[in-house]
Amino acid sequence: PQRPGETTVEGMILFIVALFGACVGSFTNVVVWRLPRQESVVVPGSHCPHCGHAIRWHDNLPVIGWLLLGGRCRDCGARISWRYPAVELASALLWLSALSVQAGGGLPELWRPWAGLVLVALLLPLVLIDIDHLWLPEPLCRWGVVLGLLLSAGAGWTVLGDHLVAAALALVLLEGLSGMAERILGQPALGLGDAKLAALGGAWLGVAGIAVAMALATLAGAVVGSVGRVSGRLQPRQAFAFGPFIALGIWLVWLRGADWWWEQWQRLLGF
């Protein structure tokens, strides 16, 4: 059994991780708004997009600031979208989930939780930008590949080689599938950004990991897409963001590992 002091320390660690996660979520909101508009994500500081007034530090506290303001700008009274605190809260929860990692792409055990924080900080803005604009920014994907390979290098040549091959294969195969679909269907089935996000996943997960992640992404995307078509929310051949499903697959495999998900699939099929 845990001692009271140990429980208190663990609780403090969880609180600090969640707090930093929420703060990163607040910055993620800035990135998601400004990057597609080709604006600096640093200068100027946070400000109301309606009246331009700078947001006071106490109004910029994750989640709490929005609640205290009643969801409205202190200066002009314009409504502040509920999505801002939702992203901050989601980021905090994702950071907490990173502590439960059991796989971590083959990285050393002590590295995995902290590496996961970097990974989720990259995936969340990519997901939100893709939902808003059907676009996955190349700089974020590129930095994700570089950071994934750097961490893999620290884990040894075997891990680095596996992850390097996975990143290259994911990029080439998805770009090839997109080009083939465009010839057959007259439109690409996947965007080039999806291929770059898959390459990012390969750099973090390795060959087996990205294969399982893409299988999970395809399954989740097919289910959501089918529901959207049947319900009429998606029209025939209407494009929808596939990046969030790739990111979901990457994160699930990062946490549990390719072998674990393969075992669940076999149990589902009764093998």
# chains A, B, ... in the order shown; residues from 1 in each chain; ligands from 1

call {"tool": "closest_atom_pairs", "arguments": {"of": "stretch 90-136 of chain A", "to": "stretch 243-265 of chain A", "cutoff": "8 Å", "atoms": "only C-alpha atoms", "output": "JSON lines"}}
result
{"residue": "A:Ala98", "atom": "CA", "partner": "A:Leu255", "partner_atom": "CA", "distance": 7.2}
{"residue": "A:Ser100", "atom": "CA", "partner": "A:Leu255", "partner_atom": "CA", "distance": 7.0}
{"residue": "A:Val101", "atom": "CA", "partner": "A:Leu255", "partner_atom": "CA", "distance": 4.3}
{"residue": "A:Gln102", "atom": "CA", "partner": "A:Arg256", "partner_atom": "CA", "distance": 5.4}
{"residue": "A:Ala103", "atom": "CA", "partner": "A:Gly257", "partner_atom": "CA", "distance": 4.8}
{"residue": "A:Gly104", "atom": "CA", "partner": "A:Trp254", "partner_atom": "CA", "distance": 4.9}
{"residue": "A:Gly105", "atom": "CA", "partner": "A:Trp254", "partner_atom": "CA", "distance": 5.9}
{"residue": "A:Gly116", "atom": "CA", "partner": "A:Trp254", "partner_atom": "CA", "distance": 7.8}
{"residue": "A:Val120", "atom": "CA", "partner": "A:Trp251", "partner_atom": "CA", "distance": 7.6}
{"residue": "A:Leu123", "atom": "CA", "partner": "A:Ala247", "partner_atom": "CA", "distance": 6.1}
{"residue": "A:Leu126", "atom": "CA", "partner": "A:Gly243", "partner_atom": "CA", "distance": 7.5}
{"residue": "A:Val127", "atom": "CA", "partner": "A:Pro244", "partner_atom": "CA", "distance": 4.8}
{"residue": "A:Leu128", "atom": "CA", "partner": "A:Pro244", "partner_atom": "CA", "distance": 7.9}
{"residue": "A:Asp130", "atom": "CA", "partner": "A:Gly243", "partner_atom": "CA", "distance": 6.3}
{"residue": "A:Ile131", "atom": "CA", "partner": "A:Pro244", "partner_atom": "CA", "distance": 7.5}
{"residue": "A:Leu136", "atom": "CA", "partner": "A:Gly243", "partner_atom": "CA", "distance": 7.4}

call {"tool": "residues_around", "arguments": {"residues": "A:Asp75", "least_positions_apart": "5", "cutoff": "9 Å", "atoms": "only C-alpha atoms", "output": "ChimeraX atom specification"}}
result
/A:48,51,53

call {"tool": "write_last_selection", "arguments": {"atoms": "N, CA and C atoms", "output": "mmCIF file, in the first residue's frame"}}
result
data_model
loop_
_atom_site.group_PDB
_atom_site.id
_atom_site.type_symbol
_atom_site.label_atom_id
_atom_site.label_comp_id
_atom_site.auth_asym_id
_atom_site.auth_seq_id
_atom_site.Cartn_x
_atom_site.Cartn_y
_atom_site.Cartn_z
ATOM 1 N N CYS A 48 -7.618 40.056 -28.058
ATOM 2 C CA CYS A 48 -8.960 39.765 -28.556
ATOM 3 C C CYS A 48 -8.988 39.975 -30.071
ATOM 4 N N CYS A 51 -11.599 43.249 -30.773
ATOM 5 C CA CYS A 51 -11.269 44.637 -30.458
ATOM 6 C C CYS A 51 -9.767 44.898 -30.437
ATOM 7 N N HIS A 53 -7.625 44.401 -28.049
ATOM 8 C CA HIS A 53 -7.035 44.664 -26.740
ATOM 9 C C HIS A 53 -6.235 43.448 -26.250
#

call {"tool": "closest_residue", "arguments": {"among": "A:Leu171, A:Leu149, A:Val24, A:Ala195", "to": "A:Ala90", "atoms": "only C-alpha atoms"}}
result
A:Val24

call {"tool": "atom_distance", "arguments": {"atom1": "atom CA of A:Leu200", "atom2": "atom CA of A:Val145"}}
result
4.5 Å

call {"tool": "residues_around", "arguments": {"residues": "A:Leu107", "least_positions_apart": "6", "cutoff": "8 Å", "atoms": "only C-alpha atoms", "output": "list in words"}}
result
Leu151, Ser152, Ala155 and Val159 of chain A

call {"tool": "select_by_dssp", "arguments": {"residues": "stretch 63-135 of chain A", "states": "helix (DSSP H, G or I)", "output": "PyMOL selection string"}}
result
chain A and resi 64-69+83-98+104-106+112-133

call {"tool": "atom_distance", "arguments": {"atom1": "atom CA of A:Leu205", "atom2": "atom CA of A:Trp135"}}
result
22.8 Å

call {"tool": "atom_distance", "arguments": {"atom1": "atom CA of A:Gln38", "atom2": "atom CA of A:Trp95"}}
result
27.4 Å

call {"tool": "residues_around", "arguments": {"residues": "A:Ser46", "least_positions_apart": "2", "cutoff": "7 Å", "atoms": "only C-alpha atoms", "output": "PyMOL selection string"}}
result
chain A and resi 44+54-55

call {"tool": "closest_residue", "arguments": {"among": "A:Gly193, A:Leu110, A:Gly202, A:Phe242", "to": "A:Ala170", "atoms": "only C-alpha atoms"}}
result
A:Gly202

call {"tool": "closest_residue", "arguments": {"among": "A:Val212, A:Leu117, A:Ser178, A:Ala167", "to": "A:Lys196", "atoms": "only C-alpha atoms"}}
result
A:Ala167

call {"tool": "residues_around", "arguments": {"residues": "stretch 25-35 of chain A", "least_positions_apart": "6", "cutoff": "10 Å", "atoms": "only C-alpha atoms", "output": "ChimeraX atom specification"}}
result
/A:19,41-42,45-47,49,60-63,83-92,94-95,121-122,124-130,132,137

call {"tool": "write_last_selection", "arguments": {"atoms": "N, CA, C and O atoms", "output": "CSV table (one decimal), in the first residue's frame"}}
result
chain,number,residue,atom,x,y,z
A,19,LEU,N,-1.5,21.1,-15.2
A,19,LEU,CA,-1.4,22.5,-15.3
A,19,LEU,C,-0.5,22.9,-16.5
A,19,LEU,O,-0.9,23.8,-17.3
A,41,VAL,N,3.4,33.3,-34.2
A,41,VAL,CA,2.7,32.7,-33.0
A,41,VAL,C,3.3,33.3,-31.7
A,41,VAL,O,2.8,32.9,-30.6
A,42,VAL,N,4.2,34.2,-31.8
A,42,VAL,CA,4.8,34.8,-30.6
A,42,VAL,C,4.5,36.3,-30.4
A,42,VAL,O,4.1,36.7,-29.3
A,45,GLY,N,1.4,39.5,-28.4
A,45,GLY,CA,0.9,38.7,-27.4
A,45,GLY,C,-0.6,38.4,-27.6
A,45,GLY,O,-1.2,38.9,-28.5
A,46,SER,N,-1.1,37.6,-26.7
A,46,SER,CA,-2.6,37.2,-26.8
A,46,SER,C,-3.4,38.5,-26.8
A,46,SER,O,-3.3,39.3,-25.9
A,47,HIS,N,-4.4,38.5,-27.7
A,47,HIS,CA,-5.3,39.7,-27.8
A,47,HIS,C,-6.6,39.3,-28.3
A,47,HIS,O,-6.7,38.2,-29.0
A,49,PRO,N,-9.5,39.0,-30.8
A,49,PRO,CA,-9.5,39.2,-32.3
A,49,PRO,C,-10.5,40.2,-32.8
A,49,PRO,O,-10.5,40.6,-33.9
A,60,ASN,N,-6.0,35.2,-18.9
A,60,ASN,CA,-5.5,34.2,-19.8
A,60,ASN,C,-5.2,32.9,-19.1
A,60,ASN,O,-4.6,32.0,-19.8
A,61,LEU,N,-5.6,32.8,-17.9
A,61,LEU,CA,-5.3,31.5,-17.2
A,61,LEU,C,-6.2,30.4,-17.8
A,61,LEU,O,-7.4,30.6,-18.1
A,62,PRO,N,-5.6,29.3,-18.1
A,62,PRO,CA,-6.3,28.2,-18.8
A,62,PRO,C,-7.6,27.8,-18.1
A,62,PRO,O,-7.6,27.6,-16.9
A,63,VAL,N,-8.7,27.7,-18.9
A,63,VAL,CA,-10.0,27.3,-18.4
A,63,VAL,C,-10.6,28.3,-17.4
A,63,VAL,O,-11.7,28.8,-17.6
A,83,ARG,N,-14.5,26.7,-27.5
A,83,ARG,CA,-13.4,25.8,-27.9
A,83,ARG,C,-12.1,26.1,-27.2
A,83,ARG,O,-11.3,25.2,-27.0
A,84,TYR,N,-11.9,27.3,-26.9
A,84,TYR,CA,-10.6,27.7,-26.2
A,84,TYR,C,-10.4,26.9,-24.9
A,84,TYR,O,-9.4,26.2,-24.7
A,85,PRO,N,-11.3,27.0,-24.0
A,85,PRO,CA,-11.1,26.2,-22.7
A,85,PRO,C,-11.2,24.7,-23.0
A,85,PRO,O,-10.6,23.9,-22.3
A,86,ALA,N,-12.0,24.3,-24.0
A,86,ALA,CA,-12.1,22.8,-24.3
A,86,ALA,C,-10.7,22.3,-24.8
A,86,ALA,O,-10.3,21.2,-24.4
A,87,VAL,N,-10.0,23.1,-25.6
A,87,VAL,CA,-8.7,22.7,-26.1
A,87,VAL,C,-7.7,22.6,-24.9
A,87,VAL,O,-6.9,21.7,-24.8
A,88,GLU,N,-7.8,23.6,-24.0
A,88,GLU,CA,-6.9,23.6,-22.8
A,88,GLU,C,-7.1,22.4,-22.0
A,88,GLU,O,-6.2,21.8,-21.5
A,89,LEU,N,-8.4,22.1,-21.8
A,89,LEU,CA,-8.7,20.9,-21.0
A,89,LEU,C,-8.3,19.6,-21.6
A,89,LEU,O,-7.8,18.7,-21.0
A,90,ALA,N,-8.5,19.5,-22.9
A,90,ALA,CA,-8.1,18.3,-23.7
A,90,ALA,C,-6.6,18.2,-23.6
A,90,ALA,O,-6.1,17.0,-23.5
A,91,SER,N,-5.9,19.3,-23.7
A,91,SER,CA,-4.4,19.2,-23.7
A,91,SER,C,-4.0,18.7,-22.3
A,91,SER,O,-3.1,17.8,-22.2
A,92,ALA,N,-4.6,19.2,-21.2
A,92,ALA,CA,-4.3,18.7,-19.9
A,92,ALA,C,-4.5,17.2,-19.8
A,92,ALA,O,-3.7,16.5,-19.2
A,94,LEU,N,-4.6,15.0,-22.2
A,94,LEU,CA,-3.7,14.2,-23.0
A,94,LEU,C,-2.3,14.2,-22.3
A,94,LEU,O,-1.6,13.1,-22.4
A,95,TRP,N,-1.9,15.2,-21.7
A,95,TRP,CA,-0.6,15.2,-21.0
A,95,TRP,C,-0.7,14.2,-19.8
A,95,TRP,O,0.3,13.5,-19.6
A,121,ALA,N,2.0,17.4,-28.0
A,121,ALA,CA,2.1,18.8,-28.2
A,121,ALA,C,2.1,19.1,-29.7
A,121,ALA,O,1.7,20.2,-30.2
A,122,LEU,N,2.7,18.2,-30.5
A,122,LEU,CA,2.7,18.3,-31.9
A,122,LEU,C,1.4,17.9,-32.6
A,122,LEU,O,0.9,18.5,-33.5
A,124,LEU,N,-1.8,17.7,-31.4
A,124,LEU,CA,-3.0,18.4,-31.1
A,124,LEU,C,-3.2,19.6,-32.0
A,124,LEU,O,-4.3,19.7,-32.6
A,125,PRO,N,-2.2,20.5,-32.3
A,125,PRO,CA,-2.5,21.6,-33.2
A,125,PRO,C,-2.6,21.0,-34.6
A,125,PRO,O,-3.4,21.6,-35.4
A,126,LEU,N,-2.0,20.0,-35.0
A,126,LEU,CA,-2.2,19.4,-36.3
A,126,LEU,C,-3.6,18.9,-36.5
A,126,LEU,O,-4.2,19.2,-37.6
A,127,VAL,N,-4.2,18.3,-35.5
A,127,VAL,CA,-5.5,17.8,-35.6
A,127,VAL,C,-6.5,19.0,-35.7
A,127,VAL,O,-7.4,19.0,-36.6
A,128,LEU,N,-6.3,20.0,-34.9
A,128,LEU,CA,-7.3,21.1,-34.9
A,128,LEU,C,-7.2,21.9,-36.2
A,128,LEU,O,-8.2,22.4,-36.8
A,129,ILE,N,-6.0,22.1,-36.7
A,129,ILE,CA,-5.8,22.9,-38.0
A,129,ILE,C,-6.4,22.1,-39.2
A,129,ILE,O,-7.1,22.6,-40.1
A,130,ASP,N,-6.2,20.7,-39.1
A,130,ASP,CA,-6.8,19.9,-40.2
A,130,ASP,C,-8.3,20.0,-40.2
A,130,ASP,O,-9.0,20.0,-41.2
A,132,ASP,N,-10.2,22.4,-39.1
A,132,ASP,CA,-10.6,23.8,-39.5
A,132,ASP,C,-10.4,24.0,-41.0
A,132,ASP,O,-11.2,24.7,-41.7
A,137,PRO,N,0.0,21.6,-41.6
A,137,PRO,CA,1.2,22.4,-41.9
A,137,PRO,C,2.5,21.6,-42.0
A,137,PRO,O,2.8,20.8,-41.1
